[in-house]
Number of protein chains: 2
Amino acid sequence: MPQPTERADRILDAAGELMIRLGYRKVTVEDVARQAGIGKGTVYLHWRTKEQLFESLILRSAREMITELAEKLRRDPAEIQPHRFLRSAFRATQRNPLLRALVTSDVELLGSLTESPVRAREQDIANRYYALITKHGLVRDDVPHLAYAINASTLGFYTMSSLKPGVPELDDESAADVLAHTVRHAFEPDDDPDPTLLVSAANEIADLFDDLDTSYREWIYGAPGNERG
Amino acid sequence: MPQPTERADRILDAAGELMIRLGYRKVTVEDVARQAGIGKGTVYLHWRTKEQLFESLILRSAREMITELAEKLRRDPAEIQPHRFLRSAFRATQRNPLLRALVTSDVELLGSLTESPVRAREQDIANRYYALITKHGLVRDDVPHLAYAINASTLGFYTMSSLKPGVPELDDESAADVLAHTVRHAFEPDDDPDPTLLVSAANEIADLFDDLDTSYREWIYGAPGNERG
DNA sequence: CGGATGACCAGATTTCAAATCCGGTCATCG
DNA sequence: CGATGACCGGATTTGAAATCTGGTCATCCG
């Protein structure tokens with residue numbers, strides 16, 4: 001059982017570069033191995049199938065994003081406010097082609113990975129976040145179907161460029177501002193939240209993220225012998 | 001030059017039924033003719049190409065929707081308020097498979113029609129509506145990039161079911177309510193608008209819709225001899 | 001006559017079998 | 001004992017022949 005996550009990372013780097021260029025379908029395991037400077041068989045010492053290799057790749061991106069958000073949260077607890085948090089999540093997603101492909105269900109890039117369990121996990125995190133901000137009173141209490149509401153009103157920002165060629169494009173920064181405005185007014189109470197309350201809420205979700213970070217790490221680098229959750 | 005829009009409508013009915021069942025690509029002009037009880041050549045007395053026939057079909061649906069919205073607007077000018085108007089537009093779109101396919105860029109159903117000029121027209125109407133509600137003070141004045149904002153935060157409601165299998169589905173009625181809530185709080189002023197102001201705004205856009213109605217009618221039923229805009 | 005029709009044409013699409021490719025294994029090598 | 005790539009069978013691609021279909025127009029009614 002090879003522990004060296006360093007080699008696993010090299011393989012994932014190779015897979016990532018090829019995937020962004022060619023898409024899941026057209027990348028062969030042999031391509032990945034060659035690009036990583038190892039033999040094909042070696043890839044299978046880390047993952048049982050091509051599919052699991054690429055799921056790990058996406059999960060690594062998700063993990064990077066979660067880590068980044070957790071850090072931001074600890075540095076500035078006000079970041080827990082929906083309009084700030086969802087703005088950062090949007091920016092982080094837009095910056096990473098793999099995550100962008102994931103939320104837009106980009107078949108070109110993801111191929112059959114569209115239905116991968118990673119998506120369900122992301123949704124799971126989102127739901128925990130919603131529960132938490134609700135509990136801490138960071139969203140107004142007259143919003144019907146909060147999870148649906150936030151998901152729906154947010155989703156369009158991710159898919160605009162691919163679905164609405166008519167509307168003039170907006171740079172990510174501006175789009176993020178618009179998203180923040182929408183969330184701020186549509187879902188948050190009019191008054192600014194109590195700062196001390198922000199701290200506890202921020203810590204709570206940052207802790208959750210740290211847990212996820214660990215479990216993601218396990219999944220990504222876990223040797224093929226270990227079964228999957 | 002055949003004037004009988006009655007026959008044109010029968011052809012469009014046939015095309016519509018087949019398109020919803022099979023999608024643009026798999027419907028043949030001969031199928032349409034047979035279903036309409038006429039000869040294939042007769043179809044070409046009304047439209048120059050298969051593509052224009054199906055564009056007319058979609059345009060007819062768009063026209064029905066516009067007519068319905070204009071009526072509603074005249075009956076109750078308060079319908080001009082963004083949250084009311086966009087709610088109705090959403091409901092009307094969801095009810096019509098063709099329009100739904102149009103806003104979601106459903107390739108399965110639309111085939112190459114995805115890039116048809118109809119989409120640009122729809123966007124054009126939307127922009128005129130935005131300009132009008134802005135002029136009449138029906139949206140708050142601190143919203144950055146209003147057109148983009150409304151488009152983006154609205155779009156997700158249309159694409160939720162196809163892009164987010166994770167989130168529990170919501171019936172159209174409830175989803176429309178959520179949409180209305182979002183628009184009301186994100187983009188409208190806190191205070192309710194002046195009723196007399198609503199009337200003039202409502203009339204103005206209803207007039208615009210009547211104009212569009214006429215020009216759509218021209219396009220849909222115009223004989224192939226007449227050139228296209 | 002003048003509107004309606006369907007046989008007809010060329011280009012596009014589908015079919016199907018042969019050729020190639022690729023995910024996954026495992027005997028062998030260092 | 002970890003790493004490798006030749007090898008296997010099922011999946012995918014290829015390409016040429018067969019079929020289909022958008023669009024035309026000579027002919028046929030009313």
# chains A, B, ... in the order shown; residues from 1 in each chain; ligands from 1

call {"tool": "residues_around", "arguments": {"residues": "DC8 in chain C", "least_positions_apart": "6", "cutoff": "12 Å", "atoms": "only C-alpha atoms (C1' of nucleotides)", "output": "ChimeraX atom specification"}}
result
/D:23-26

call {"tool": "write_last_selection", "arguments": {"atoms": "C-alpha atoms (C1' of nucleotides)", "output": "PDB file, in the first residue's frame"}}
result
ATOM      1  C1'  DG D  23     -36.693  21.013 -50.560  1.00  0.00           C
ATOM      2  C1'  DT D  24     -38.245  21.382 -55.689  1.00  0.00           C
ATOM      3  C1'  DC D  25     -41.297  21.322 -59.411  1.00  0.00           C
ATOM      4  C1'  DA D  26     -43.868  18.992 -63.183  1.00  0.00           C
TER       5       DA D  26
END

call {"tool": "interface_residues", "arguments": {"of": "chain B", "to": "chain D", "cutoff": "8 Å", "atoms": "only C-alpha atoms (C1' of nucleotides)", "output": "list in words"}}
result
Thr28, Val29, Thr49 and Lys50 of chain B

call {"tool": "residues_around", "arguments": {"residues": "range 170-173 of chain A", "least_positions_apart": "3", "cutoff": "12 Å", "atoms": "only C-alpha atoms (C1' of nucleotides)", "output": "PyMOL selection string"}}
result
(chain A and resi 87-95+157-158+160-161+164-165+167+176-180) or (chain B and resi 144-149+152)

call {"tool": "write_last_selection", "arguments": {"atoms": "N, CA and C atoms", "output": "PDB file, in the first residue's frame"}}
result
ATOM      1  N   ARG A  87     -20.906  34.683  -1.898  1.00  0.00           N
ATOM      2  CA  ARG A  87     -20.070  35.436  -2.838  1.00  0.00           C
ATOM      3  C   ARG A  87     -18.701  34.770  -2.968  1.00  0.00           C
ATOM      4  N   SER A  88     -18.094  34.441  -1.844  1.00  0.00           N
ATOM      5  CA  SER A  88     -16.780  33.792  -1.867  1.00  0.00           C
ATOM      6  C   SER A  88     -16.850  32.423  -2.529  1.00  0.00           C
ATOM      7  N   ALA A  89     -17.907  31.684  -2.201  1.00  0.00           N
ATOM      8  CA  ALA A  89     -18.062  30.362  -2.799  1.00  0.00           C
ATOM      9  C   ALA A  89     -18.184  30.483  -4.317  1.00  0.00           C
ATOM     10  N   PHE A  90     -18.913  31.492  -4.746  1.00  0.00           N
ATOM     11  CA  PHE A  90     -19.065  31.722  -6.187  1.00  0.00           C
ATOM     12  C   PHE A  90     -17.722  32.014  -6.845  1.00  0.00           C
ATOM     13  N   ARG A  91     -16.985  32.945  -6.247  1.00  0.00           N
ATOM     14  CA  ARG A  91     -15.678  33.315  -6.798  1.00  0.00           C
ATOM     15  C   ARG A  91     -14.747  32.105  -6.863  1.00  0.00           C
ATOM     16  N   ALA A  92     -14.710  31.360  -5.769  1.00  0.00           N
ATOM     17  CA  ALA A  92     -13.826  30.196  -5.719  1.00  0.00           C
ATOM     18  C   ALA A  92     -14.210  29.181  -6.796  1.00  0.00           C
ATOM     19  N   THR A  93     -15.492  28.985  -6.963  1.00  0.00           N
ATOM     20  CA  THR A  93     -15.954  28.024  -7.968  1.00  0.00           C
ATOM     21  C   THR A  93     -15.595  28.480  -9.380  1.00  0.00           C
ATOM     22  N   GLN A  94     -15.810  29.752  -9.642  1.00  0.00           N
ATOM     23  CA  GLN A  94     -15.538  30.268 -10.979  1.00  0.00           C
ATOM     24  C   GLN A  94     -14.060  30.152 -11.337  1.00  0.00           C
ATOM     25  N   ARG A  95     -13.231  30.247 -10.318  1.00  0.00           N
ATOM     26  CA  ARG A  95     -11.786  30.209 -10.545  1.00  0.00           C
ATOM     27  C   ARG A  95     -11.314  28.802 -10.944  1.00  0.00           C
ATOM     28  N   PHE A 157     -26.510  32.354 -11.638  1.00  0.00           N
ATOM     29  CA  PHE A 157     -25.255  33.085 -11.771  1.00  0.00           C
ATOM     30  C   PHE A 157     -24.155  32.191 -12.340  1.00  0.00           C
ATOM     31  N   TYR A 158     -24.216  30.916 -11.972  1.00  0.00           N
ATOM     32  CA  TYR A 158     -23.212  29.986 -12.469  1.00  0.00           C
ATOM     33  C   TYR A 158     -23.447  29.623 -13.931  1.00  0.00           C
ATOM     34  N   MET A 160     -25.303  31.415 -16.242  1.00  0.00           N
ATOM     35  CA  MET A 160     -25.608  32.526 -17.144  1.00  0.00           C
ATOM     36  C   MET A 160     -24.819  32.460 -18.442  1.00  0.00           C
ATOM     37  N   SER A 161     -23.508  32.404 -18.358  1.00  0.00           N
ATOM     38  CA  SER A 161     -22.688  32.532 -19.565  1.00  0.00           C
ATOM     39  C   SER A 161     -22.984  31.425 -20.568  1.00  0.00           C
ATOM     40  N   LYS A 164     -27.282  32.010 -21.491  1.00  0.00           N
ATOM     41  CA  LYS A 164     -27.855  33.270 -21.979  1.00  0.00           C
ATOM     42  C   LYS A 164     -26.863  34.058 -22.816  1.00  0.00           C
ATOM     43  N   PRO A 165     -26.578  33.595 -24.022  1.00  0.00           N
ATOM     44  CA  PRO A 165     -25.624  34.305 -24.874  1.00  0.00           C
ATOM     45  C   PRO A 165     -26.112  35.714 -25.214  1.00  0.00           C
ATOM     46  N   VAL A 167     -27.495  38.074 -23.128  1.00  0.00           N
ATOM     47  CA  VAL A 167     -27.134  39.080 -22.141  1.00  0.00           C
ATOM     48  C   VAL A 167     -25.636  39.358 -22.195  1.00  0.00           C
ATOM     49  N   ALA A 176     -20.197  38.541  -9.024  1.00  0.00           N
ATOM     50  CA  ALA A 176     -20.185  38.176  -7.607  1.00  0.00           C
ATOM     51  C   ALA A 176     -20.851  39.269  -6.770  1.00  0.00           C
ATOM     52  N   ASP A 177     -20.604  40.514  -7.128  1.00  0.00           N
ATOM     53  CA  ASP A 177     -21.244  41.617  -6.407  1.00  0.00           C
ATOM     54  C   ASP A 177     -22.761  41.555  -6.551  1.00  0.00           C
ATOM     55  N   VAL A 178     -23.199  41.289  -7.771  1.00  0.00           N
ATOM     56  CA  VAL A 178     -24.636  41.205  -8.010  1.00  0.00           C
ATOM     57  C   VAL A 178     -25.239  40.063  -7.202  1.00  0.00           C
ATOM     58  N   LEU A 179     -24.559  38.934  -7.218  1.00  0.00           N
ATOM     59  CA  LEU A 179     -25.002  37.788  -6.421  1.00  0.00           C
ATOM     60  C   LEU A 179     -25.122  38.173  -4.948  1.00  0.00           C
ATOM     61  N   ALA A 180     -24.102  38.859  -4.456  1.00  0.00           N
ATOM     62  CA  ALA A 180     -24.107  39.266  -3.049  1.00  0.00           C
ATOM     63  C   ALA A 180     -25.301  40.176  -2.752  1.00  0.00           C
TER      64      ALA A 180
ATOM     65  N   PRO B 144     -27.015  46.929  -8.777  1.00  0.00           N
ATOM     66  CA  PRO B 144     -26.001  46.996  -9.839  1.00  0.00           C
ATOM     67  C   PRO B 144     -26.365  46.058 -10.987  1.00  0.00           C
ATOM     68  N   HIS B 145     -26.183  46.525 -12.207  1.00  0.00           N
ATOM     69  CA  HIS B 145     -26.407  45.674 -13.397  1.00  0.00           C
ATOM     70  C   HIS B 145     -27.781  45.010 -13.383  1.00  0.00           C
ATOM     71  N   LEU B 146     -28.790  45.809 -13.300  1.00  0.00           N
ATOM     72  CA  LEU B 146     -30.151  45.286 -13.113  1.00  0.00           C
ATOM     73  C   LEU B 146     -30.533  44.142 -14.043  1.00  0.00           C
ATOM     74  N   ALA B 147     -30.305  44.337 -15.352  1.00  0.00           N
ATOM     75  CA  ALA B 147     -30.702  43.308 -16.312  1.00  0.00           C
ATOM     76  C   ALA B 147     -30.021  41.985 -15.983  1.00  0.00           C
ATOM     77  N   TYR B 148     -28.722  42.062 -15.777  1.00  0.00           N
ATOM     78  CA  TYR B 148     -27.969  40.856 -15.432  1.00  0.00           C
ATOM     79  C   TYR B 148     -28.497  40.249 -14.138  1.00  0.00           C
ATOM     80  N   ALA B 149     -28.728  41.109 -13.160  1.00  0.00           N
ATOM     81  CA  ALA B 149     -29.181  40.646 -11.847  1.00  0.00           C
ATOM     82  C   ALA B 149     -30.486  39.857 -11.941  1.00  0.00           C
ATOM     83  N   ALA B 152     -30.034  36.564 -14.012  1.00  0.00           N
ATOM     84  CA  ALA B 152     -29.275  35.523 -13.310  1.00  0.00           C
ATOM     85  C   ALA B 152     -30.065  34.925 -12.149  1.00  0.00           C
TER      86      ALA B 152
END

call {"tool": "residues_around", "arguments": {"residues": "range 98-104 of chain B", "least_positions_apart": "2", "cutoff": "9 Å", "atoms": "only C-alpha atoms (C1' of nucleotides)", "output": "PyMOL selection string"}}
result
(chain A and resi 163-164) or (chain B and resi 16+19-20+57-58+61-62+92-96+106-110+113-114+118-119+155+158-159+162)

call {"tool": "write_last_selection", "arguments": {"atoms": "N, CA and C atoms", "output": "short mmCIF file (atom, residue, chain, number, x, y, z; two decimals), in the first residue's frame"}}
result
data_model
loop_
_atom_site.label_atom_id
_atom_site.label_comp_id
_atom_site.auth_asym_id
_atom_site.auth_seq_id
_atom_site.Cartn_x
_atom_site.Cartn_y
_atom_site.Cartn_z
N LEU A 163 -25.90 29.68 -20.78
CA LEU A 163 -27.31 29.60 -21.19
C LEU A 163 -27.90 30.88 -21.76
N LYS A 164 -27.28 32.01 -21.49
CA LYS A 164 -27.86 33.27 -21.98
C LYS A 164 -26.86 34.06 -22.82
N GLY B 16 -46.26 20.95 -33.43
CA GLY B 16 -46.09 21.06 -31.98
C GLY B 16 -46.21 19.72 -31.28
N MET B 19 -43.24 17.62 -32.13
CA MET B 19 -41.99 18.12 -31.57
C MET B 19 -41.88 17.78 -30.09
N ILE B 20 -42.96 17.96 -29.37
CA ILE B 20 -42.93 17.66 -27.95
C ILE B 20 -42.67 16.18 -27.72
N LEU B 57 -43.51 28.02 -34.87
CA LEU B 57 -44.18 27.27 -33.82
C LEU B 57 -43.84 27.82 -32.43
N ILE B 58 -42.55 28.03 -32.22
CA ILE B 58 -42.12 28.56 -30.92
C ILE B 58 -42.64 29.98 -30.74
N SER B 61 -46.10 30.14 -29.53
CA SER B 61 -46.19 29.95 -28.09
C SER B 61 -45.82 31.22 -27.34
N ALA B 62 -44.75 31.86 -27.81
CA ALA B 62 -44.32 33.10 -27.17
C ALA B 62 -45.44 34.14 -27.28
N ALA B 92 -46.29 30.76 -16.73
CA ALA B 92 -46.68 30.57 -18.13
C ALA B 92 -45.63 29.75 -18.87
N THR B 93 -44.40 30.03 -18.60
CA THR B 93 -43.32 29.30 -19.27
C THR B 93 -43.31 27.84 -18.87
N GLN B 94 -43.47 27.59 -17.59
CA GLN B 94 -43.44 26.21 -17.11
C GLN B 94 -44.58 25.38 -17.69
N ARG B 95 -45.68 26.05 -17.96
CA ARG B 95 -46.84 25.34 -18.48
C ARG B 95 -46.64 24.89 -19.93
N ASN B 96 -45.78 25.59 -20.66
CA ASN B 96 -45.60 25.30 -22.08
C ASN B 96 -44.25 24.62 -22.35
N ASP B 106 -32.84 23.38 -24.05
CA ASP B 106 -32.99 21.92 -24.11
C ASP B 106 -32.64 21.40 -25.50
N VAL B 107 -31.43 20.88 -25.63
CA VAL B 107 -30.95 20.43 -26.94
C VAL B 107 -31.76 19.23 -27.43
N GLU B 108 -32.14 18.37 -26.51
CA GLU B 108 -32.94 17.19 -26.84
C GLU B 108 -34.17 17.59 -27.66
N LEU B 109 -34.86 18.62 -27.19
CA LEU B 109 -36.11 19.03 -27.82
C LEU B 109 -35.86 20.01 -28.97
N LEU B 110 -34.96 20.94 -28.81
CA LEU B 110 -34.78 22.01 -29.78
C LEU B 110 -33.81 21.69 -30.90
N LEU B 113 -32.21 24.35 -33.17
CA LEU B 113 -33.02 25.55 -32.94
C LEU B 113 -32.55 26.35 -31.72
N THR B 114 -31.65 25.75 -30.96
CA THR B 114 -31.13 26.42 -29.76
C THR B 114 -30.62 27.82 -30.09
N VAL B 118 -35.25 33.55 -32.18
CA VAL B 118 -36.34 33.75 -31.23
C VAL B 118 -35.79 34.12 -29.85
N ARG B 119 -34.70 33.47 -29.46
CA ARG B 119 -34.12 33.72 -28.15
C ARG B 119 -33.70 35.18 -28.01
N LEU B 155 -33.01 32.85 -13.61
CA LEU B 155 -32.68 31.71 -14.48
C LEU B 155 -32.66 30.37 -13.73
N TYR B 158 -35.72 28.20 -13.45
CA TYR B 158 -36.11 27.45 -14.63
C TYR B 158 -35.28 26.18 -14.79
N THR B 159 -34.03 26.24 -14.39
CA THR B 159 -33.13 25.12 -14.67
C THR B 159 -32.93 24.18 -13.48
N SER B 162 -33.55 20.31 -13.86
CA SER B 162 -32.64 19.56 -14.72
C SER B 162 -31.20 19.58 -14.20
#

call {"tool": "interface_residues", "arguments": {"of": "chain B", "to": "chain C", "cutoff": "8 Å", "atoms": "only C-alpha atoms (C1' of nucleotides)", "output": "list in words"}}
result
Gly39, Lys40, Gly41 and Thr42 of chain B

call {"tool": "write_last_selection", "arguments": {"atoms": "C-alpha atoms", "output": "compact mmCIF listing (two decimals), in the first residue's frame"}}
result
# COMPACT_ATOMS: atom_id res chain seq x y z
CA GLY B 39 -49.33 17.10 -48.72
CA LYS B 40 -45.71 17.85 -47.97
CA GLY B 41 -45.47 20.51 -50.66
CA THR B 42 -48.25 22.44 -48.98

call {"tool": "select_by_dssp", "arguments": {"residues": "range 65-210 of chain A", "states": "helix (DSSP H, G or I)", "output": "NGL selection string"}}
result
:A and (65-75 or 77-80 or 82-95 or 97-103 or 107-115 or 117-135 or 146-163 or 172-187 or 195-210)

call {"tool": "write_last_selection", "arguments": {"atoms": "C-alpha atoms", "output": "tab-separated table (two decimals), in the first residue's frame"}}
result
chain	number	residue	atom	x	y	z
A	65	MET	CA	-12.23	25.34	-1.79
A	66	ILE	CA	-13.51	24.22	1.59
A	67	THR	CA	-10.12	24.84	3.17
A	68	GLU	CA	-9.97	28.30	1.67
A	69	LEU	CA	-13.46	29.14	2.90
A	70	ALA	CA	-12.71	27.83	6.40
A	71	GLU	CA	-9.59	29.98	6.57
A	72	LYS	CA	-11.45	33.06	5.43
A	73	LEU	CA	-14.12	32.33	8.00
A	74	ARG	CA	-11.63	32.16	10.86
A	75	ARG	CA	-9.86	35.29	9.71
A	77	PRO	CA	-16.22	35.77	11.10
A	78	ALA	CA	-18.43	38.25	9.22
A	79	GLU	CA	-17.73	36.05	6.25
A	80	ILE	CA	-20.37	33.69	7.62
A	82	PRO	CA	-24.86	34.47	3.47
A	83	HIS	CA	-24.13	37.27	1.04
A	84	ARG	CA	-20.44	37.21	1.94
A	85	PHE	CA	-20.17	33.46	2.11
A	86	LEU	CA	-22.03	32.71	-1.09
A	87	ARG	CA	-20.07	35.44	-2.84
A	88	SER	CA	-16.78	33.79	-1.87
A	89	ALA	CA	-18.06	30.36	-2.80
A	90	PHE	CA	-19.06	31.72	-6.19
A	91	ARG	CA	-15.68	33.31	-6.80
A	92	ALA	CA	-13.83	30.20	-5.72
A	93	THR	CA	-15.95	28.02	-7.97
A	94	GLN	CA	-15.54	30.27	-10.98
A	95	ARG	CA	-11.79	30.21	-10.55
A	97	PRO	CA	-12.66	24.86	-14.12
A	98	LEU	CA	-13.47	21.51	-12.51
A	99	LEU	CA	-15.80	22.95	-9.90
A	100	ARG	CA	-17.39	25.19	-12.49
A	101	ALA	CA	-18.01	22.15	-14.65
A	102	LEU	CA	-19.53	20.38	-11.67
A	103	VAL	CA	-22.18	22.98	-10.82
A	107	VAL	CA	-21.17	17.05	-19.94
A	108	GLU	CA	-18.37	18.00	-22.31
A	109	LEU	CA	-15.88	18.07	-19.46
A	110	LEU	CA	-17.36	15.63	-16.97
A	111	GLY	CA	-18.77	12.95	-19.25
A	112	SER	CA	-20.40	10.26	-17.17
A	113	LEU	CA	-19.01	11.87	-14.01
A	114	THR	CA	-22.05	14.15	-14.04
A	115	GLU	CA	-23.84	11.67	-11.83
A	117	PRO	CA	-21.57	11.04	-5.73
A	118	VAL	CA	-19.47	14.19	-5.33
A	119	ARG	CA	-22.46	16.30	-6.34
A	120	ALA	CA	-24.59	14.80	-3.60
A	121	ARG	CA	-21.86	15.61	-1.08
A	122	GLU	CA	-21.71	19.23	-2.17
A	123	GLN	CA	-25.45	19.47	-1.76
A	124	ASP	CA	-25.10	17.90	1.64
A	125	ILE	CA	-22.65	20.58	2.75
A	126	ALA	CA	-24.94	23.26	1.41
A	127	ASN	CA	-27.83	21.89	3.44
A	128	ARG	CA	-25.78	21.87	6.62
A	129	TYR	CA	-24.81	25.46	5.95
A	130	TYR	CA	-28.46	26.44	5.50
A	131	ALA	CA	-29.42	24.74	8.75
A	132	LEU	CA	-26.66	26.57	10.55
A	133	ILE	CA	-27.42	30.07	9.31
A	134	THR	CA	-31.07	29.45	10.06
A	135	LYS	CA	-30.27	28.37	13.59
A	146	LEU	CA	-35.06	28.37	2.12
A	147	ALA	CA	-32.80	25.68	0.67
A	148	TYR	CA	-34.66	25.70	-2.61
A	149	ALA	CA	-34.75	29.48	-2.65
A	150	ILE	CA	-31.02	29.96	-2.20
A	151	ASN	CA	-30.15	27.16	-4.58
A	152	ALA	CA	-32.42	28.42	-7.32
A	153	SER	CA	-31.64	32.12	-7.08
A	154	THR	CA	-27.93	31.35	-6.95
A	155	LEU	CA	-27.74	28.72	-9.66
A	156	GLY	CA	-28.41	31.13	-12.49
A	157	PHE	CA	-25.25	33.09	-11.77
A	158	TYR	CA	-23.21	29.99	-12.47
A	159	THR	CA	-25.01	29.07	-15.67
A	160	MET	CA	-25.61	32.53	-17.14
A	161	SER	CA	-22.69	32.53	-19.57
A	162	SER	CA	-23.53	29.15	-21.04
A	163	LEU	CA	-27.31	29.60	-21.19
A	172	ASP	CA	-16.63	37.47	-12.31
A	173	GLU	CA	-16.00	40.22	-9.80
A	174	SER	CA	-19.08	42.21	-10.84
A	175	ALA	CA	-21.24	39.11	-11.13
A	176	ALA	CA	-20.18	38.18	-7.61
A	177	ASP	CA	-21.24	41.62	-6.41
A	178	VAL	CA	-24.64	41.20	-8.01
A	179	LEU	CA	-25.00	37.79	-6.42
A	180	ALA	CA	-24.11	39.27	-3.05
A	181	HIS	CA	-26.67	42.02	-3.45
A	182	THR	CA	-29.38	39.54	-4.34
A	183	VAL	CA	-28.66	37.27	-1.39
A	184	ARG	CA	-28.30	40.17	1.03
A	185	HIS	CA	-31.71	41.61	0.24
A	186	ALA	CA	-33.65	38.50	-0.58
A	187	PHE	CA	-32.67	36.32	2.33
A	195	PRO	CA	-20.94	40.51	15.83
A	196	THR	CA	-20.49	38.13	18.78
A	197	LEU	CA	-23.09	35.86	17.25
A	198	LEU	CA	-21.14	35.84	14.01
A	199	VAL	CA	-18.08	34.49	15.78
A	200	SER	CA	-19.80	31.42	17.18
A	201	ALA	CA	-21.58	30.72	13.91
A	202	ALA	CA	-18.37	31.14	11.95
A	203	ASN	CA	-16.49	28.83	14.27
A	204	GLU	CA	-19.17	26.22	14.11
A	205	ILE	CA	-19.10	25.97	10.36
A	206	ALA	CA	-15.33	26.27	10.20
A	207	ASP	CA	-15.15	23.25	12.50
A	208	LEU	CA	-17.55	21.39	10.24
A	209	PHE	CA	-15.33	22.24	7.29
A	210	ASP	CA	-12.27	20.95	9.10

call {"tool": "closest_residue", "arguments": {"among": "B:Ile220, B:Ser215, B:Arg140, B:Leu59", "to": "chain A", "atoms": "only C-alpha atoms"}}
result
B:Arg140

call {"tool": "residues_around", "arguments": {"residues": "Asp31 in chain A", "least_positions_apart": "5", "cutoff": "10 Å", "atoms": "only C-alpha atoms (C1' of nucleotides)", "output": "CSV table (one decimal) with N, CA and C atoms, in the first residue's frame"}}
result
chain,number,residue,atom,x,y,z
A,14,ALA,N,-1.6,15.6,-13.1
A,14,ALA,CA,-1.6,15.1,-14.5
A,14,ALA,C,-3.0,15.0,-15.0
A,15,ALA,N,-3.8,14.3,-14.3
A,15,ALA,CA,-5.2,14.0,-14.6
A,15,ALA,C,-6.0,15.3,-14.8
A,18,LEU,N,-5.0,17.2,-18.1
A,18,LEU,CA,-5.5,16.6,-19.2
A,18,LEU,C,-7.1,16.7,-19.3
A,26,LYS,N,-12.1,11.7,-23.1
A,26,LYS,CA,-11.0,11.5,-24.0
A,26,LYS,C,-9.7,11.3,-23.3
A,36,ALA,N,2.3,11.8,-15.8
A,36,ALA,CA,2.8,11.8,-14.5
A,36,ALA,C,4.2,11.1,-14.4
A,37,GLY,N,4.7,10.6,-15.5
A,37,GLY,CA,6.0,9.9,-15.5
A,37,GLY,C,6.0,8.6,-14.8
A,39,GLY,N,4.2,4.3,-14.7
A,39,GLY,CA,3.6,3.3,-15.5
A,39,GLY,C,2.1,3.2,-15.2
A,40,LYS,N,1.3,2.7,-16.2
A,40,LYS,CA,-0.1,2.6,-16.0
A,40,LYS,C,-0.5,1.9,-14.8

call {"tool": "closest_residue", "arguments": {"among": "B:Glu169, B:Asp76, B:Asp211, B:Asp13", "to": "chain A", "atoms": "only C-alpha atoms"}}
result
B:Glu169

call {"tool": "closest_residue", "arguments": {"among": "A:Pro193, A:Leu138, A:Ser56, A:Ser105", "to": "chain B", "atoms": "only C-alpha atoms"}}
result
A:Ser105

call {"tool": "atom_distance", "arguments": {"atom1": "CA of Trp47 in chain B", "atom2": "CA of Pro224 in chain B"}}
result
5.1 Å

call {"tool": "atom_distance", "arguments": {"atom1": "CA of Thr5 in chain B", "atom2": "CA of Ser116 in chain B"}}
result
22.8 Å

call {"tool": "atom_distance", "arguments": {"atom1": "CA of Val32 in chain B", "atom2": "CA of Leu12 in chain B"}}
result
8.4 Å

call {"tool": "residues_around", "arguments": {"residues": "Arg48 in chain B", "least_positions_apart": "3", "cutoff": "9 Å", "atoms": "only C-alpha atoms (C1' of nucleotides)", "output": "JSON, numbers by chain"}}
result
{"B": [43, 44, 45, 51, 52, 53, 223, 224, 225], "D": [23]}

call {"tool": "residues_around", "arguments": {"residues": "Tyr221 in chain B", "least_positions_apart": "3", "cutoff": "7 Å", "atoms": "only C-alpha atoms (C1' of nucleotides)", "output": "JSON list (two decimals) with N, CA and C atoms, in the first residue's frame"}}
result
[["chain", "number", "residue", "atom", "x", "y", "z"],
["B", 5, "THR", "N", -54.82, 31.39, -42.29],
["B", 5, "THR", "CA", -54.01, 31.10, -41.11],
["B", 5, "THR", "C", -54.58, 29.88, -40.40],
["B", 8, "ALA", "N", -52.49, 27.12, -41.55],
["B", 8, "ALA", "CA", -51.17, 27.29, -40.94],
["B", 8, "ALA", "C", -51.21, 26.81, -39.49],
["B", 217, "ARG", "N", -47.40, 37.98, -35.14],
["B", 217, "ARG", "CA", -48.41, 37.40, -36.03],
["B", 217, "ARG", "C", -47.95, 37.46, -37.47],
["B", 218, "GLU", "N", -47.40, 38.61, -37.82],
["B", 218, "GLU", "CA", -46.87, 38.80, -39.17],
["B", 218, "GLU", "C", -45.83, 37.73, -39.49]]

call {"tool": "decode", "arguments": {"residues": "range 21-26 of chain A", "atoms": "N, CA and C atoms", "output": "compact mmCIF listing (two decimals), in the first residue's frame"}}
result
# COMPACT_ATOMS: atom_id res chain seq x y z
N ARG A 21 -8.16 20.00 -20.49
CA ARG A 21 -7.89 20.18 -21.92
C ARG A 21 -8.79 19.30 -22.78
N LEU A 22 -9.02 18.05 -22.35
CA LEU A 22 -9.70 17.09 -23.22
C LEU A 22 -11.05 16.60 -22.74
N GLY A 23 -11.32 16.74 -21.46
CA GLY A 23 -12.56 16.18 -20.91
C GLY A 23 -12.36 14.75 -20.46
N TYR A 24 -13.19 14.32 -19.51
CA TYR A 24 -13.06 12.99 -18.90
C TYR A 24 -13.00 11.87 -19.93
N ARG A 25 -13.89 11.90 -20.88
CA ARG A 25 -14.04 10.82 -21.83
C ARG A 25 -12.76 10.57 -22.65
N LYS A 26 -12.14 11.67 -23.09
CA LYS A 26 -11.02 11.52 -24.01
C LYS A 26 -9.67 11.32 -23.33
